[in-house]
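**Q** If you scroll down you'll find the structure; I have some questions about it.
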Amino acid sequence: MKTVEINKLTFKYPDQTIGIKDLNLEINSAKRVAILGSNGSGKTTLLFHLCGIFIPQKGKVKVLNEEVNKSNLRKIREKVGFVFDHPDYQLFSTSVYNDIAFGPINLGLDEKTIKKRVQKAMKLVNIEDLAAKSPSRLSWGQKKRVAIAGVLAMNPSLIIFDEPLSGLDPASMQSFTTILNQVYDQGKTVFISTHDVDFAYS
């Protein structure tokens, strides 16, 4: 099964800067994929198309058999989890628990299922002791973990990480790699943008 199918995707920004030109790409399910490139090379532009933040201007994008267009955005966002390079873009609740629970609540899940998902996600990224804390008082690395847990609690089939190592110290980088491997072992497709060749290879 193909998780991602892209055919001749082209995208221009309002100032006519070309972000992507005639891109073709296929990604099979349950794979780990890293896209490498320098800053400004179009990595994030591509990722935004996979979760519906950007809609194709030319060409087609299909994710998990759903075409990315305005009418399918809810379906896409239920199947695709996106972890931004800056965790503060995703954290806004008064506690870590509430932040992680936000997505499952919006899926309309019952309270028991929400609690189970939140606890499972916190355990996976090792932040169970932070549940009652305010995200604003956490370290950068802790915020990254909370953002990841919030996506995991949605139980998406495809999880996208945009420059996941930005702002992390070496120990946190190693810890993050372990988390990625655990996510992959759950049968998820993991798609990462990075400019770090060694990380991509690992």
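Naming scheme: A, B, ... for chains in displayed order of the structure tokens; residues 1 onward per chain; ligands 1 onward as shown.
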Leaving out A:Asp88 and any residue of its chain fewer than 6 positions from it, which residues lie within 10 Å of it when counting only C-alpha atoms, given as a list in words?
**A**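 Answer for this query is Pro135, Ser136, Trp140, Lys143, Lys144 and Ala147 of chain A.
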**Q** Residues of stretch 70-170 of chain A that have any atom at most 12 Å from an atom of stretch 44-48 of chain A: could you tabulate them with the shortest-distance atom pair and the distance in Å to one decimal, using only C-alpha atoms, ordered by chain and increasing number, as JSON lines?
**A**
{"residue": "A:Ile76", "atom": "CA", "partner": "A:Phe48", "partner_atom": "CA", "distance": 11.7}
{"residue": "A:Arg77", "atom": "CA", "partner": "A:Phe48", "partner_atom": "CA", "distance": 11.4}
{"residue": "A:Val80", "atom": "CA", "partner": "A:Leu47", "partner_atom": "CA", "distance": 10.7}
{"residue": "A:Gly81", "atom": "CA", "partner": "A:Leu47", "partner_atom": "CA", "distance": 10.8}
{"residue": "A:Phe82", "atom": "CA", "partner": "A:Leu47", "partner_atom": "CA", "distance": 8.5}
{"residue": "A:Val83", "atom": "CA", "partner": "A:Leu47", "partner_atom": "CA", "distance": 10.3}
{"residue": "A:Phe84", "atom": "CA", "partner": "A:Thr44", "partner_atom": "CA", "distance": 9.4}
{"residue": "A:Asp85", "atom": "CA", "partner": "A:Thr44", "partner_atom": "CA", "distance": 9.6}
{"residue": "A:Leu158", "atom": "CA", "partner": "A:Leu47", "partner_atom": "CA", "distance": 11.4}
{"residue": "A:Ile159", "atom": "CA", "partner": "A:Leu47", "partner_atom": "CA", "distance": 10.5}
{"residue": "A:Ile160", "atom": "CA", "partner": "A:Leu47", "partner_atom": "CA", "distance": 7.3}
{"residue": "A:Phe161", "atom": "CA", "partner": "A:Leu47", "partner_atom": "CA", "distance": 8.5}
{"residue": "A:Asp162", "atom": "CA", "partner": "A:Thr44", "partner_atom": "CA", "distance": 6.7}
{"residue": "A:Glu163", "atom": "CA", "partner": "A:Thr44", "partner_atom": "CA", "distance": 8.7}
{"residue": "A:Pro164", "atom": "CA", "partner": "A:Thr44", "partner_atom": "CA", "distance": 11.8}
**Q** Keeping only C-alpha atoms, write the selected residues to a file as a short mmCIF file (atom, residue, chain, number, x, y, z; two decimals), in the first residue's frame.
**A**
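This went into out.cif:
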data_model
loop_
_atom_site.label_atom_id
_atom_site.label_comp_id
_atom_site.auth_asym_id
_atom_site.auth_seq_id
_atom_site.Cartn_x
_atom_site.Cartn_y
_atom_site.Cartn_z
CA ILE A 76 -6.44 13.84 5.95
CA ARG A 77 -5.83 15.38 9.37
CA VAL A 80 -1.74 12.37 9.31
CA GLY A 81 0.06 13.72 12.37
CA PHE A 82 2.37 16.72 11.99
CA VAL A 83 5.07 17.71 14.50
CA PHE A 84 6.29 21.24 13.79
CA ASP A 85 9.93 22.25 14.18
CA LEU A 158 1.54 8.76 8.96
CA ILE A 159 3.57 10.95 11.30
CA ILE A 160 5.57 13.85 9.87
CA PHE A 161 8.42 15.57 11.70
CA ASP A 162 9.73 18.90 10.39
CA GLU A 163 13.37 19.41 11.42
CA PRO A 164 12.88 17.40 14.63
#
**Q** Enumerate, as an mmCIF file with N, CA, C and O atoms, in the first residue's frame, the complete set of residues in stretch 125-173 of chain A that a backbone-based DSSP assignment places in helix (DSSP H, G or I).
**A**
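Just written: part.cif:
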data_model
loop_
_atom_site.group_PDB
_atom_site.id
_atom_site.type_symbol
_atom_site.label_atom_id
_atom_site.label_comp_id
_atom_site.auth_asym_id
_atom_site.auth_seq_id
_atom_site.Cartn_x
_atom_site.Cartn_y
_atom_site.Cartn_z
ATOM 1 N N GLU A 128 5.345 11.075 31.728
ATOM 2 C CA GLU A 128 4.220 10.846 32.640
ATOM 3 C C GLU A 128 4.275 11.755 33.856
ATOM 4 O O GLU A 128 3.231 12.156 34.396
ATOM 5 N N ASP A 129 5.475 12.128 34.288
ATOM 6 C CA ASP A 129 5.616 12.989 35.466
ATOM 7 C C ASP A 129 5.300 14.458 35.176
ATOM 8 O O ASP A 129 5.253 15.279 36.088
ATOM 9 N N LEU A 130 5.077 14.790 33.905
ATOM 10 C CA LEU A 130 4.821 16.186 33.523
ATOM 11 C C LEU A 130 3.334 16.475 33.299
ATOM 12 O O LEU A 130 2.975 17.603 32.961
ATOM 13 N N PRO A 135 2.776 23.626 29.930
ATOM 14 C CA PRO A 135 3.779 23.516 28.858
ATOM 15 C C PRO A 135 4.707 24.729 28.792
ATOM 16 O O PRO A 135 5.861 24.597 28.385
ATOM 17 N N SER A 136 4.221 25.873 29.184
ATOM 18 C CA SER A 136 5.035 27.090 29.107
ATOM 19 C C SER A 136 6.228 27.047 30.054
ATOM 20 O O SER A 136 7.176 27.820 29.893
ATOM 21 N N ARG A 137 6.190 26.164 31.039
ATOM 22 C CA ARG A 137 7.269 26.080 32.027
ATOM 23 C C ARG A 137 8.241 24.931 31.754
ATOM 24 O O ARG A 137 9.113 24.643 32.565
ATOM 25 N N TRP A 140 12.862 23.116 26.283
ATOM 26 C CA TRP A 140 12.622 22.913 24.855
ATOM 27 C C TRP A 140 12.437 21.431 24.527
ATOM 28 O O TRP A 140 11.509 21.042 23.820
ATOM 29 N N GLY A 141 13.326 20.597 25.067
ATOM 30 C CA GLY A 141 13.239 19.171 24.809
ATOM 31 C C GLY A 141 11.958 18.564 25.348
ATOM 32 O O GLY A 141 11.351 17.701 24.705
ATOM 33 N N GLN A 142 11.526 19.006 26.521
ATOM 34 C CA GLN A 142 10.273 18.522 27.096
ATOM 35 C C GLN A 142 9.080 18.947 26.245
ATOM 36 O O GLN A 142 8.150 18.167 26.021
ATOM 37 N N LYS A 143 9.108 20.178 25.759
ATOM 38 C CA LYS A 143 8.029 20.666 24.893
ATOM 39 C C LYS A 143 7.933 19.817 23.616
ATOM 40 O O LYS A 143 6.844 19.508 23.140
ATOM 41 N N LYS A 144 9.105 19.458 23.081
ATOM 42 C CA LYS A 144 9.110 18.611 21.885
ATOM 43 C C LYS A 144 8.414 17.277 22.170
ATOM 44 O O LYS A 144 7.636 16.771 21.354
ATOM 45 N N ARG A 145 8.690 16.712 23.330
ATOM 46 C CA ARG A 145 8.082 15.445 23.697
ATOM 47 C C ARG A 145 6.564 15.579 23.827
ATOM 48 O O ARG A 145 5.815 14.685 23.417
ATOM 49 N N VAL A 146 6.127 16.675 24.425
ATOM 50 C CA VAL A 146 4.684 16.902 24.577
ATOM 51 C C VAL A 146 4.020 17.028 23.209
ATOM 52 O O VAL A 146 2.941 16.475 22.967
ATOM 53 N N ALA A 147 4.656 17.762 22.306
ATOM 54 C CA ALA A 147 4.111 17.926 20.958
ATOM 55 C C ALA A 147 3.995 16.571 20.252
ATOM 56 O O ALA A 147 2.996 16.290 19.587
ATOM 57 N N ILE A 148 5.006 15.736 20.409
ATOM 58 C CA ILE A 148 4.976 14.402 19.808
ATOM 59 C C ILE A 148 3.857 13.570 20.427
ATOM 60 O O ILE A 148 3.100 12.890 19.725
ATOM 61 N N ALA A 149 3.724 13.626 21.750
ATOM 62 C CA ALA A 149 2.681 12.865 22.432
ATOM 63 C C ALA A 149 1.293 13.293 21.962
ATOM 64 O O ALA A 149 0.400 12.458 21.794
ATOM 65 N N GLY A 150 1.113 14.603 21.731
ATOM 66 C CA GLY A 150 -0.169 15.090 21.248
ATOM 67 C C GLY A 150 -0.535 14.504 19.896
ATOM 68 O O GLY A 150 -1.701 14.197 19.630
ATOM 69 N N VAL A 151 0.472 14.334 19.052
ATOM 70 C CA VAL A 151 0.233 13.725 17.736
ATOM 71 C C VAL A 151 -0.021 12.223 17.881
ATOM 72 O O VAL A 151 -0.930 11.669 17.271
ATOM 73 N N LEU A 152 0.765 11.549 18.714
ATOM 74 C CA LEU A 152 0.598 10.108 18.903
ATOM 75 C C LEU A 152 -0.788 9.766 19.443
ATOM 76 O O LEU A 152 -1.362 8.737 19.091
ATOM 77 N N PRO A 170 22.813 17.072 22.341
ATOM 78 C CA PRO A 170 23.130 15.708 21.879
ATOM 79 C C PRO A 170 22.368 14.613 22.609
ATOM 80 O O PRO A 170 21.922 13.641 21.985
ATOM 81 N N ALA A 171 22.208 14.736 23.935
ATOM 82 C CA ALA A 171 21.488 13.706 24.691
ATOM 83 C C ALA A 171 20.023 13.646 24.266
ATOM 84 O O ALA A 171 19.450 12.560 24.116
ATOM 85 N N SER A 172 19.427 14.817 24.059
ATOM 86 C CA SER A 172 18.028 14.861 23.627
ATOM 87 C C SER A 172 17.865 14.314 22.216
ATOM 88 O O SER A 172 16.850 13.692 21.889
ATOM 89 N N MET A 173 18.876 14.550 21.370
ATOM 90 C CA MET A 173 18.837 14.003 20.012
ATOM 91 C C MET A 173 18.791 12.478 20.047
ATOM 92 O O MET A 173 18.030 11.841 19.320
#
**Q** Rounded to one decimal in Å, what is the spacing between atom CA of A:Glu67 and atom CA of A:Ser157?
**A** 15.4 Å
**Q** Between A:Ile53, A:Ile6, A:Met1, A:Ile35, which residue has the minimum interatomic distance to A:Asp196, considering only C-alpha atoms?
**A**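 Smallest distance to A:Asp196 is found for A:Ile35.
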**Q** So, counting only C-alpha atoms, which residue among A:Tyr97, A:Ala30, A:Ile127, A:Ser166 is closest to A:Thr194?
**A**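 Using only C-alpha atoms, the shortest distance to A:Thr194 belongs to A:Ser166.
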**Q** For each of A:Met122, A:Asn65, A:Gln90, A:Gly103, take the minimum atom-to-atom distance to A:Asn28, counting only C-alpha atoms, then give the residue where this is smallest.
**A**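 Using only C-alpha atoms, the shortest distance to A:Asn28 belongs to A:Asn65.
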**Q** Give me, as a PyMOL selection string, all polymer residues having an atom no more than 12 Å from A:Gly40, counting only C-alpha atoms and skipping those fewer than 6 positions away in the same chain.
**A** chain A and resi 17-20+46+193-195
**Q** Here is a test: counting only C-alpha atoms, which residue of A:Leu64, A:Ala101, A:Leu180, A:Phe11 is nearest to A:Ala34?
**A** A:Leu180
